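One file, work_7.cif, is given below (mmCIF, C-alpha atoms).
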data_structure
loop_
_atom_site.group_PDB
_atom_site.id
_atom_site.type_symbol
_atom_site.label_atom_id
_atom_site.label_comp_id
_atom_site.auth_asym_id
_atom_site.auth_seq_id
_atom_site.Cartn_x
_atom_site.Cartn_y
_atom_site.Cartn_z
ATOM 1 C CA MET M 1 238.796 237.302 64.644
ATOM 2 C CA GLN M 2 241.465 234.654 64.006
ATOM 3 C CA ILE M 3 240.463 231.112 64.328
ATOM 4 C CA LYS M 4 243.183 228.630 65.407
ATOM 5 C CA ASP M 5 243.540 225.349 63.536
ATOM 6 C CA HIS M 6 242.307 222.254 65.351
ATOM 7 C CA ILE M 7 242.978 218.583 64.610
ATOM 8 C CA ILE M 8 239.630 216.839 64.469
ATOM 9 C CA ILE M 9 239.598 213.043 64.989
ATOM 10 C CA PRO M 10 236.416 211.249 63.938
ATOM 11 C CA LEU M 11 234.446 209.636 66.767
ATOM 12 C CA GLY M 12 234.716 206.191 65.138
ATOM 13 C CA CYS M 13 238.500 206.326 65.238
ATOM 14 C CA ILE M 14 238.427 207.286 68.896
ATOM 15 C CA LEU M 15 236.269 204.275 69.729
ATOM 16 C CA ILE M 16 238.561 201.975 67.776
ATOM 17 C CA LEU M 17 241.636 203.314 69.577
ATOM 18 C CA LEU M 18 239.970 202.980 72.974
ATOM 19 C CA GLY M 19 238.912 199.429 72.129
ATOM 20 C CA CYS M 20 242.422 198.482 71.134
ATOM 21 C CA PHE M 21 243.822 200.076 74.290
ATOM 22 C CA PHE M 22 241.501 198.241 76.675
ATOM 23 C CA SER M 23 241.726 194.931 74.852
ATOM 24 C CA GLY M 24 245.480 195.258 74.918
ATOM 25 C CA CYS M 25 245.442 195.877 78.639
ATOM 26 C CA ARG M 26 243.138 192.916 79.187
ATOM 27 C CA GLY M 27 245.314 190.665 77.048
ATOM 28 C CA THR M 28 248.358 191.688 79.055
ATOM 29 C CA ALA M 29 246.619 190.783 82.308
ATOM 30 C CA GLU M 30 245.549 187.419 80.921
ATOM 31 C CA ASP M 31 249.079 186.741 79.712
ATOM 32 C CA GLU M 32 250.408 187.530 83.176
ATOM 33 C CA ASN M 33 247.942 185.062 84.790
ATOM 34 C CA HIS M 34 248.528 182.309 82.252
ATOM 35 C CA ASP M 35 251.354 179.892 83.058
ATOM 36 C CA PRO M 36 252.952 178.949 79.715
ATOM 37 C CA ARG M 37 254.288 175.749 81.354
ATOM 38 C CA ARG M 38 250.753 174.562 82.135
ATOM 39 C CA PRO M 39 249.688 171.802 79.720
ATOM 40 C CA SER M 40 246.104 171.693 78.511
ATOM 41 C CA PHE M 41 244.026 168.517 78.665
ATOM 42 C CA LYS M 42 241.640 169.881 76.040
ATOM 43 C CA PRO M 43 243.356 168.139 73.073
ATOM 44 C CA ILE M 44 242.906 164.708 74.691
ATOM 45 C CA VAL M 45 239.348 165.081 76.012
ATOM 46 C CA GLY M 46 237.289 161.984 75.164
ATOM 47 C CA ILE M 47 240.270 159.737 74.382
ATOM 48 C CA ASP M 48 240.609 156.422 76.237
ATOM 49 C CA PHE M 49 244.109 155.976 77.649
ATOM 50 C CA TYR M 50 245.428 152.659 79.005
ATOM 51 C CA GLU M 51 248.410 152.430 81.326
ATOM 52 C CA VAL M 52 251.154 150.297 79.778
ATOM 53 C CA ARG M 53 254.029 150.823 82.196
ATOM 54 C CA ARG M 54 254.418 151.962 85.786
ATOM 55 C CA SER M 55 257.907 152.149 87.203
ATOM 56 C CA PHE M 56 260.249 153.906 89.561
ATOM 57 C CA ASP M 57 262.597 156.603 88.319
ATOM 58 C CA ASN M 58 265.322 153.966 87.860
ATOM 59 C CA GLY M 59 263.150 152.291 85.215
ATOM 60 C CA LEU M 60 262.360 149.216 87.342
ATOM 61 C CA ALA M 61 258.886 148.069 88.328
ATOM 62 C CA TYR M 62 260.185 146.248 91.456
ATOM 63 C CA ASP M 63 261.953 147.526 94.537
ATOM 64 C CA SER M 64 264.313 145.860 97.017
ATOM 65 C CA ILE M 65 261.588 144.737 99.468
ATOM 66 C CA GLY M 66 259.275 143.166 96.896
ATOM 67 C CA PHE M 67 256.866 145.999 96.144
ATOM 68 C CA VAL M 68 255.825 145.983 92.501
ATOM 69 C CA GLN M 69 254.466 148.809 90.406
ATOM 70 C CA GLU M 70 251.737 147.422 88.158
ATOM 71 C CA ALA M 71 250.231 149.186 85.175
ATOM 72 C CA GLU M 72 246.457 148.881 85.526
ATOM 73 C CA TRP M 73 244.741 152.243 85.058
ATOM 74 C CA HIS M 74 242.279 153.097 82.294
ATOM 75 C CA ILE M 75 241.498 156.816 82.220
ATOM 76 C CA LYS M 76 239.561 159.305 80.128
ATOM 77 C CA PHE M 77 239.603 163.078 80.424
ATOM 78 C CA THR M 78 235.942 163.997 80.099
ATOM 79 C CA ARG M 79 236.525 167.747 80.272
ATOM 80 C CA GLU M 80 239.436 170.109 80.537
ATOM 81 C CA ASP M 81 239.020 169.926 84.318
ATOM 82 C CA ALA M 82 237.634 166.412 84.884
ATOM 83 C CA VAL M 83 238.927 162.856 84.536
ATOM 84 C CA GLN M 84 237.264 159.446 84.701
ATOM 85 C CA ILE M 85 239.287 156.571 86.141
ATOM 86 C CA TYR M 86 238.122 152.975 85.744
ATOM 87 C CA VAL M 87 238.614 150.524 88.593
ATOM 88 C CA PRO M 88 240.858 147.614 87.518
ATOM 89 C CA GLY M 89 238.980 144.344 87.064
ATOM 90 C CA SER M 90 235.506 145.860 87.046
ATOM 91 C CA ASP M 91 233.185 148.038 85.006
ATOM 92 C CA SER M 92 233.048 150.696 87.721
ATOM 93 C CA SER M 93 234.618 154.109 87.388
ATOM 94 C CA PHE M 94 235.248 157.203 89.466
ATOM 95 C CA ASN M 95 234.966 160.799 88.296
ATOM 96 C CA PHE M 96 237.361 163.384 89.667
ATOM 97 C CA GLU M 97 237.659 167.118 89.305
ATOM 98 C CA ILE M 98 241.079 168.382 88.226
ATOM 99 C CA THR M 99 242.598 171.393 89.923
ATOM 100 C CA HIS M 100 245.720 173.103 88.656
ATOM 101 C CA ASP M 101 248.416 173.961 91.151
ATOM 102 C CA HIS M 102 251.224 175.639 89.224
ATOM 103 C CA ASP M 103 253.599 174.827 86.404
ATOM 104 C CA SER M 104 252.597 171.303 85.216
ATOM 105 C CA PHE M 105 251.341 170.204 88.654
ATOM 106 C CA PHE M 106 247.740 169.057 89.098
ATOM 107 C CA HIS M 107 245.554 167.450 91.759
ATOM 108 C CA PHE M 108 243.012 164.698 91.114
ATOM 109 C CA ALA M 109 242.084 161.223 92.406
ATOM 110 C CA ARG M 110 243.263 162.260 95.882
ATOM 111 C CA GLU M 111 246.816 162.508 94.556
ATOM 112 C CA SER M 112 249.150 165.136 93.165
ATOM 113 C CA TRP M 113 250.636 164.770 89.691
ATOM 114 C CA LYS M 114 253.099 166.291 87.303
ATOM 115 C CA VAL M 115 252.375 166.014 83.594
ATOM 116 C CA VAL M 116 255.657 164.897 82.021
ATOM 117 C CA ASP M 117 254.396 164.237 78.496
ATOM 118 C CA LEU M 118 251.026 164.843 76.858
ATOM 119 C CA ASN M 119 249.825 164.218 73.313
ATOM 120 C CA ARG M 120 246.961 162.416 71.596
ATOM 121 C CA ASP M 121 248.891 159.130 71.345
ATOM 122 C CA SER M 122 250.502 158.901 74.753
ATOM 123 C CA LEU M 123 250.594 160.427 78.190
ATOM 124 C CA MET M 124 253.085 160.246 81.043
ATOM 125 C CA LEU M 125 252.303 161.244 84.618
ATOM 126 C CA GLN M 126 254.607 161.496 87.611
ATOM 127 C CA ARG M 127 252.990 160.836 90.973
ATOM 128 C CA LEU M 128 254.073 163.411 93.526
ATOM 129 C CA SER M 129 254.533 162.973 97.258
ATOM 130 C CA LEU M 130 253.978 166.188 99.182
ATOM 131 C CA ASP M 131 255.343 167.316 102.528
ATOM 132 C CA GLY M 132 252.908 170.096 103.261
ATOM 133 C CA LEU M 133 253.146 172.384 100.241
ATOM 134 C CA ARG M 134 256.524 171.080 99.078
ATOM 135 C CA VAL M 135 257.286 168.162 96.785
ATOM 136 C CA ASN M 136 259.311 165.374 98.373
ATOM 137 C CA LYS M 137 261.638 164.640 95.459
ATOM 138 C CA MET M 138 262.961 161.382 96.939
ATOM 139 C CA ARG M 139 259.478 159.880 97.212
ATOM 140 C CA SER M 140 258.081 161.356 93.998
ATOM 141 C CA ASN M 141 259.669 158.594 91.977
ATOM 142 C CA VAL M 142 256.763 156.793 90.288
ATOM 143 C CA TYR M 143 256.044 157.309 86.596
ATOM 144 C CA MET M 144 252.988 156.086 84.674
ATOM 145 C CA ARG M 145 252.981 155.762 80.867
ATOM 146 C CA PHE M 146 249.648 155.601 79.001
ATOM 147 C CA TYR M 147 248.851 154.837 75.364
ATOM 148 C CA ALA M 148 245.697 155.967 73.576
ATOM 149 C CA LYS M 149 243.268 153.241 72.517
ATOM 150 C CA ASP M 150 243.713 153.872 68.784
ATOM 151 C CA TYR M 151 247.488 154.012 69.143
ATOM 152 C CA LEU M 152 247.446 150.656 70.948
ATOM 153 C CA HIS M 153 245.467 149.072 68.125
ATOM 154 C CA GLY M 154 248.105 150.185 65.660
ATOM 155 C CA LEU M 155 251.005 148.595 67.547
ATOM 156 C CA GLY M 156 250.070 145.033 66.626
ATOM 157 C CA THR M 157 250.449 143.699 70.174
ATOM 158 C CA SER M 158 248.183 143.278 73.169
ATOM 159 C CA LEU M 159 247.862 145.506 76.202
ATOM 160 C CA GLU M 160 248.634 142.489 78.402
ATOM 161 C CA ARG M 161 251.910 141.925 76.566
ATOM 162 C CA LEU M 162 252.938 145.562 76.978
ATOM 163 C CA ARG M 163 252.264 145.332 80.701
ATOM 164 C CA GLU M 164 254.499 142.303 81.223
ATOM 165 C CA PRO M 165 257.736 142.692 83.243
ATOM 166 C CA ARG M 166 260.722 143.750 81.183
ATOM 167 C CA ARG M 167 264.124 142.119 81.043
ATOM 168 C CA GLN M 168 265.620 144.531 83.581
ATOM 169 C CA ASP M 169 262.803 143.653 85.984
ATOM 170 C CA THR M 170 263.550 139.950 85.654
ATOM 171 C CA LEU M 171 267.276 140.435 86.245
ATOM 172 C CA PHE M 172 266.645 142.556 89.318
ATOM 173 C CA VAL M 173 264.165 140.066 90.806
ATOM 174 C CA GLN M 174 266.628 137.230 90.228
ATOM 175 C CA GLN M 175 269.226 139.123 92.278
ATOM 176 C CA MET M 176 266.767 139.736 95.122
ATOM 177 C CA VAL M 177 265.648 136.086 95.123
ATOM 178 C CA GLN M 178 269.233 134.838 95.224
ATOM 179 C CA ARG M 179 270.010 137.126 98.181
ATOM 180 C CA ALA M 180 266.904 135.980 100.072
ATOM 181 C CA ASN M 181 267.648 132.296 99.499
ATOM 182 C CA ARG M 182 271.275 132.660 100.590
ATOM 183 C CA ASN M 183 270.178 134.031 103.976
ATOM 184 C CA LEU M 184 267.299 131.819 105.079
ATOM 185 C CA ASP M 185 267.517 132.891 108.751
ATOM 186 C CA ASP M 186 267.717 136.619 108.053
ATOM 187 C CA VAL M 187 264.432 138.545 107.986
ATOM 188 C CA ASP M 188 266.139 141.617 106.563
ATOM 189 C CA SER M 189 267.320 139.662 103.511
ATOM 190 C CA SER M 190 263.900 138.156 102.802
ATOM 191 C CA TYR M 191 261.858 139.262 99.806
ATOM 192 C CA SER M 192 258.154 140.031 99.850
ATOM 193 C CA SER M 193 255.917 139.116 96.946
ATOM 194 C CA LYS M 194 252.456 139.690 95.609
ATOM 195 C CA ASN M 195 252.372 135.871 95.557
ATOM 196 C CA TYR M 196 253.048 135.780 99.301
ATOM 197 C CA PRO M 197 253.354 132.504 101.279
ATOM 198 C CA LYS M 198 250.088 130.602 101.646
ATOM 199 C CA LEU M 199 249.401 128.708 104.856
ATOM 200 C CA ALA M 200 246.511 126.241 105.148
ATOM 201 C CA SER M 201 245.533 123.877 107.942
ATOM 202 C CA LYS M 202 245.786 120.150 107.343
ATOM 203 C CA SER M 203 244.557 119.137 110.809
ATOM 204 C CA GLU M 204 241.418 119.690 112.849
ATOM 205 C CA MET M 205 243.749 120.736 115.663
ATOM 206 C CA LEU M 206 244.600 123.962 113.889
ATOM 207 C CA GLU M 207 242.410 126.777 112.616
ATOM 208 C CA ILE M 208 243.935 129.486 110.460
ATOM 209 C CA GLU M 209 242.586 132.636 108.862
ATOM 210 C CA ARG M 210 244.399 135.278 106.879
ATOM 211 C CA ARG M 211 243.735 138.797 108.044
ATOM 212 C CA GLN M 212 241.657 140.718 105.537
ATOM 213 C CA TYR M 213 241.986 144.421 104.776
ATOM 214 C CA ASP M 214 239.376 146.876 103.573
ATOM 215 C CA SER M 215 240.048 147.573 99.887
ATOM 216 C CA LEU M 216 239.090 151.253 100.051
ATOM 217 C CA ALA M 217 242.102 152.443 98.117
ATOM 218 C CA LEU M 218 242.329 150.324 94.961
ATOM 219 C CA MET M 219 244.378 153.009 93.235
ATOM 220 C CA SER M 220 246.708 153.621 96.157
ATOM 221 C CA GLN M 221 250.046 152.080 97.133
ATOM 222 C CA SER M 222 248.518 151.320 100.558
ATOM 223 C CA SER M 223 246.747 148.318 99.018
ATOM 224 C CA ALA M 224 250.191 146.680 98.750
ATOM 225 C CA TYR M 225 250.372 146.366 102.540
ATOM 226 C CA GLU M 226 248.320 143.186 102.293
ATOM 227 C CA TYR M 227 251.013 141.287 100.398
ATOM 228 C CA LEU M 228 254.084 143.050 101.778
ATOM 229 C CA TYR M 229 253.086 142.117 105.328
ATOM 230 C CA PRO M 230 250.768 139.063 105.150
ATOM 231 C CA GLU M 231 249.194 138.275 108.516
ATOM 232 C CA TYR M 232 247.550 135.094 109.791
ATOM 233 C CA ASP M 233 245.513 134.345 112.897
ATOM 234 C CA ILE M 234 246.104 130.801 114.124
ATOM 235 C CA THR M 235 244.358 128.824 116.869
ATOM 236 C CA ILE M 236 245.867 125.539 118.060
ATOM 237 C CA HIS M 237 243.470 123.233 119.912
ATOM 238 C CA ARG M 238 244.622 120.657 122.449
ATOM 239 C CA ALA M 239 247.835 122.632 122.969
ATOM 240 C CA TYR M 240 250.139 121.826 125.881
ATOM 241 C CA LYS M 241 248.824 124.944 127.638
ATOM 242 C CA ASP M 242 246.948 128.167 126.951
ATOM 243 C CA PHE M 243 249.120 130.821 125.334
ATOM 244 C CA TYR M 244 249.054 133.752 122.926
ATOM 245 C CA HIS M 245 252.082 135.000 120.994
ATOM 246 C CA THR M 246 252.731 137.341 118.081
ATOM 247 C CA PHE M 247 255.829 136.829 115.951
ATOM 248 C CA SER M 248 257.031 136.513 112.381
ATOM 249 C CA VAL M 249 258.088 133.381 110.548
ATOM 250 C CA LEU M 250 260.381 132.978 107.569
ATOM 251 C CA VAL M 251 258.930 130.691 104.901
ATOM 252 C CA GLY M 252 261.748 129.175 102.866
ATOM 253 C CA PRO M 253 261.614 128.306 99.159
ATOM 254 C CA ASP M 254 261.132 124.663 100.179
ATOM 255 C CA GLY M 255 258.293 125.451 102.615
ATOM 256 C CA LYS M 256 260.492 125.129 105.710
ATOM 257 C CA LEU M 257 259.397 127.440 108.557
ATOM 258 C CA ARG M 258 261.949 129.341 110.636
ATOM 259 C CA LEU M 259 261.332 131.698 113.531
ATOM 260 C CA GLY M 260 261.669 135.331 112.544
ATOM 261 C CA LYS M 261 261.337 138.319 114.848
ATOM 262 C CA PHE M 262 259.457 138.811 118.105
ATOM 263 C CA PHE M 263 259.395 141.479 120.785
ATOM 264 C CA VAL M 264 259.978 140.881 124.474
ATOM 265 C CA MET M 265 262.029 142.395 127.312
ATOM 266 C CA PRO M 266 265.767 141.709 126.789
ATOM 267 C CA GLU M 267 266.031 139.398 129.830
ATOM 268 C CA PHE M 268 263.348 137.121 128.359
ATOM 269 C CA VAL M 269 264.653 136.862 124.785
ATOM 270 C CA GLU M 270 266.268 133.432 125.041
ATOM 271 C CA SER M 271 263.460 131.789 126.978
ATOM 272 C CA ARG M 272 260.847 133.225 124.593
ATOM 273 C CA ARG M 273 262.902 132.113 121.604
ATOM 274 C CA ARG M 274 262.883 128.509 122.839
ATOM 275 C CA VAL M 275 259.115 128.611 123.356
ATOM 276 C CA LEU M 276 258.406 130.073 119.927
ATOM 277 C CA GLU M 277 260.791 127.724 118.121
ATOM 278 C CA GLY M 278 258.977 124.839 119.805
ATOM 279 C CA ILE M 279 255.592 126.142 118.593
ATOM 280 C CA VAL M 280 256.950 126.518 115.054
ATOM 281 C CA ASP M 281 258.663 123.119 114.908
ATOM 282 C CA VAL M 282 256.141 120.988 116.832
ATOM 283 C CA TYR M 283 252.845 122.514 115.778
ATOM 284 C CA LEU M 284 253.041 124.799 112.754
ATOM 285 C CA GLN M 285 255.465 122.852 110.586
ATOM 286 C CA HIS M 286 253.453 119.634 111.017
ATOM 287 C CA LEU M 287 249.904 120.997 111.020
ATOM 288 C CA LEU M 288 250.176 123.395 108.065
ATOM 289 C CA ASP M 289 250.344 122.989 104.316
ATOM 290 C CA VAL M 290 252.873 125.597 103.264
ATOM 291 C CA THR M 291 253.244 127.170 99.832
ATOM 292 C CA PRO M 292 256.304 129.450 99.560
ATOM 293 C CA ALA M 293 256.284 132.886 97.996
ATOM 294 C CA THR M 294 257.152 133.221 94.313
ATOM 295 C CA THR M 295 258.058 136.220 92.184
ATOM 296 C CA LEU M 296 258.140 135.852 88.412
ATOM 297 C CA GLY M 297 257.866 132.106 88.983
ATOM 298 C CA LEU M 298 260.870 131.940 91.341
ATOM 299 C CA PRO M 299 260.270 130.540 94.870
ATOM 300 C CA HIS M 300 262.034 132.466 97.595
ATOM 301 C CA ASN M 301 262.386 133.118 101.310
ATOM 302 C CA SER M 302 259.683 135.446 102.583
ATOM 303 C CA VAL M 303 258.073 136.549 105.857
ATOM 304 C CA VAL M 304 254.583 136.094 107.300
ATOM 305 C CA TYR M 305 253.310 137.618 110.526
ATOM 306 C CA LEU M 306 251.428 135.394 112.969
ATOM 307 C CA ARG M 307 249.129 135.731 115.947
ATOM 308 C CA VAL M 308 249.075 132.262 117.496
ATOM 309 C CA ARG M 309 246.684 131.243 120.260
ATOM 310 C CA GLY M 310 247.003 127.922 122.028
ATOM 311 C CA LYS M 311 244.055 126.301 123.811
ATOM 312 C CA GLN M 312 244.302 123.276 126.093
ATOM 313 C CA ASP M 313 240.606 122.515 125.645
ATOM 314 C CA GLY M 314 239.778 121.639 122.042
#

Show this structure as structure tokens.
Amino acid sequence: MQIKDHIIIPLGCILILLGCFFSGCRGTAEDENHDPRRPSFKPIVGIDFYEVRRSFDNGLAYDSIGFVQEAEWHIKFTREDAVQIYVPGSDSSFNFEITHDHDSFFHFARESWKVVDLNRDSLMLQRLSLDGLRVNKMRSNVYMRFYAKDYLHGLGTSLERLREPRRQDTLFVQQMVQRANRNLDDVDSSYSSKNYPKLASKSEMLEIERRQYDSLALMSQSSAYEYLYPEYDITIHRAYKDFYHTFSVLVGPDGKLRLGKFFVMPEFVESRRRVLEGIVDVYLQHLLDVTPATTLGLPHNSVVYLRVRGKQDG
């Protein structure tokens, strides 16, 4: 009987080949799921990063209405998927989980972010504004630059100095201040400021209180509403009659008050204007100590919003 030749492969070789095959398949699947554009936070875990510059995409920290981007964050990535953010001006901190979206997009601290630059010395984040699941490119224009603690120490300057406004910020603010002060009766040309106008009573006839806001979003742009639109509640005792009006007032660089905007039916505009100008000129200008708004040390025309109640009985 003729015996045919057979190729005999040792069992060990078969196991090795099978292992290579399955590991190769698994590696291919992992490669398909891994986004090569996704940065890893692992190399910077445990490093303290301090924000040194926050600006719009044009490089400026100020915009045309007076909003200012201020560098103030101190962050530390505690894990690959977790970050600790310290509240400015306190020893408190918040811990946030990090979720990856796609590409270099992440979600944490109730915001969406794109990682623009990441290394052990510095970090740059772009804050994203979303319309549903899509990025609003026009509004995603804020960039935050961070330096590592050790890197900062090697620069030979202070964090406070690095956070100061730059020359282009100063030049831009000067232009906005000049425009505001050329148009003292124009609300639309006025310039808001973090150092908004301060109004204080100098008579027992007048009580004034600035409206306070809940500071629930210290890390959010919404906290700027308080200085962009400063509001005061005013009560005038021994007024010529009882009244209640809401309107805005322009506060000039010299402390002069001018009537701003108010809302009333068109047929009553002129009569209401005369009433409100009388309240401003007779009562407010004489019963208030007024400190004008300043930006980078420059006084300028700015707006405050008033709710004024008059009472005949003091």

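Counting only C-alpha atoms, the residue from M:Arg38, M:Arg274, M:His102, M:Arg258 that sits nearest to Leu118 of chain M is M:Arg38.
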
### Task
Could you tell me which residues the PyMOL selection byres ((chain M and resi 260) around 6) grabs in this file, written as a VMD selection string?
chain M and resid 248 to 250 259 261

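Closest to Lys202 of chain M among M:Val87, M:Leu296, M:Leu288, M:Ala82 is M:Leu288, based on all atoms listed in the file.
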
With all atoms listed in the file as the counted atoms, please give the residues lying no more than 8 Å from Glu209 of chain M, apart from itself and same-chain residues fewer than 6 positions off, as a compact mmCIF listing (two decimals) with C-alpha atoms, keeping the file's coordinate frame.
# COMPACT_ATOMS: atom_id res chain seq x y z
CA TYR M 232 247.55 135.09 109.79
CA ASP M 233 245.51 134.34 112.90
CA ILE M 234 246.10 130.80 114.12

### Query
Applied to this file, what does the PyMOL selection byres ((chain M and resi 125) around 6) return in terms of residues, put as a ChimeraX atom specification?
/M:114-116,124,126,143-144

Need the shell around Glu207 of chain M: protein/DNA/RNA residues with any atom at most 8 Å away, counting all atoms listed in the file. Skip same-chain ones fewer than 6 positions apart. Format as a PDB file with C-alpha atoms, in the frame of the given file?
ATOM      1  CA  SER M 201     245.533 123.877 107.942  1.00  0.00           C
ATOM      2  CA  ILE M 234     246.104 130.801 114.124  1.00  0.00           C
ATOM      3  CA  THR M 235     244.358 128.824 116.869  1.00  0.00           C
ATOM      4  CA  ILE M 236     245.867 125.539 118.060  1.00  0.00           C
TER       5      ILE M 236
END

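Among the candidates M:Ile44, M:Ser112, M:Tyr240, M:His245, the residue lying nearest to Gln312 of chain M is M:Tyr240 (atoms considered: all atoms listed in the file).
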
### Message
the PyMOL selection byres ((chain M and resi 73) around 12) - which residues does that actually catch in the file I just gave you? List them as number ranges by chain.
### Response
M: 48-54, 69-72, 74-76, 84-90, 93-94, 109, 125, 144-147, 159, 163, 218-220

Generate a file of the selected residues that holds C-alpha atoms, formatted as a PDB file, in the coordinates of the input.
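again.pdb, written as the output of this step:
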ATOM      1  CA  ASP M  48     240.609 156.422  76.237  1.00  0.00           C
ATOM      2  CA  PHE M  49     244.109 155.976  77.649  1.00  0.00           C
ATOM      3  CA  TYR M  50     245.428 152.659  79.005  1.00  0.00           C
ATOM      4  CA  GLU M  51     248.410 152.430  81.326  1.00  0.00           C
ATOM      5  CA  VAL M  52     251.154 150.297  79.778  1.00  0.00           C
ATOM      6  CA  ARG M  53     254.029 150.823  82.196  1.00  0.00           C
ATOM      7  CA  ARG M  54     254.418 151.962  85.786  1.00  0.00           C
ATOM      8  CA  GLN M  69     254.466 148.809  90.406  1.00  0.00           C
ATOM      9  CA  GLU M  70     251.737 147.422  88.158  1.00  0.00           C
ATOM     10  CA  ALA M  71     250.231 149.186  85.175  1.00  0.00           C
ATOM     11  CA  GLU M  72     246.457 148.881  85.526  1.00  0.00           C
ATOM     12  CA  HIS M  74     242.279 153.097  82.294  1.00  0.00           C
ATOM     13  CA  ILE M  75     241.498 156.816  82.220  1.00  0.00           C
ATOM     14  CA  LYS M  76     239.561 159.305  80.128  1.00  0.00           C
ATOM     15  CA  GLN M  84     237.264 159.446  84.701  1.00  0.00           C
ATOM     16  CA  ILE M  85     239.287 156.571  86.141  1.00  0.00           C
ATOM     17  CA  TYR M  86     238.122 152.975  85.744  1.00  0.00           C
ATOM     18  CA  VAL M  87     238.614 150.524  88.593  1.00  0.00           C
ATOM     19  CA  PRO M  88     240.858 147.614  87.518  1.00  0.00           C
ATOM     20  CA  GLY M  89     238.980 144.344  87.064  1.00  0.00           C
ATOM     21  CA  SER M  90     235.506 145.860  87.046  1.00  0.00           C
ATOM     22  CA  SER M  93     234.618 154.109  87.388  1.00  0.00           C
ATOM     23  CA  PHE M  94     235.248 157.203  89.466  1.00  0.00           C
ATOM     24  CA  ALA M 109     242.084 161.223  92.406  1.00  0.00           C
ATOM     25  CA  LEU M 125     252.303 161.244  84.618  1.00  0.00           C
ATOM     26  CA  MET M 144     252.988 156.086  84.674  1.00  0.00           C
ATOM     27  CA  ARG M 145     252.981 155.762  80.867  1.00  0.00           C
ATOM     28  CA  PHE M 146     249.648 155.601  79.001  1.00  0.00           C
ATOM     29  CA  TYR M 147     248.851 154.837  75.364  1.00  0.00           C
ATOM     30  CA  LEU M 159     247.862 145.506  76.202  1.00  0.00           C
ATOM     31  CA  ARG M 163     252.264 145.332  80.701  1.00  0.00           C
ATOM     32  CA  LEU M 218     242.329 150.324  94.961  1.00  0.00           C
ATOM     33  CA  MET M 219     244.378 153.009  93.235  1.00  0.00           C
ATOM     34  CA  SER M 220     246.708 153.621  96.157  1.00  0.00           C
TER      35      SER M 220
END

#### Entry: Distance criterion (all atoms listed in the file): nearest to Asn183 of chain M out of M:Ser302, M:Ser64, M:Ser104, M:Ser40
M:Ser302
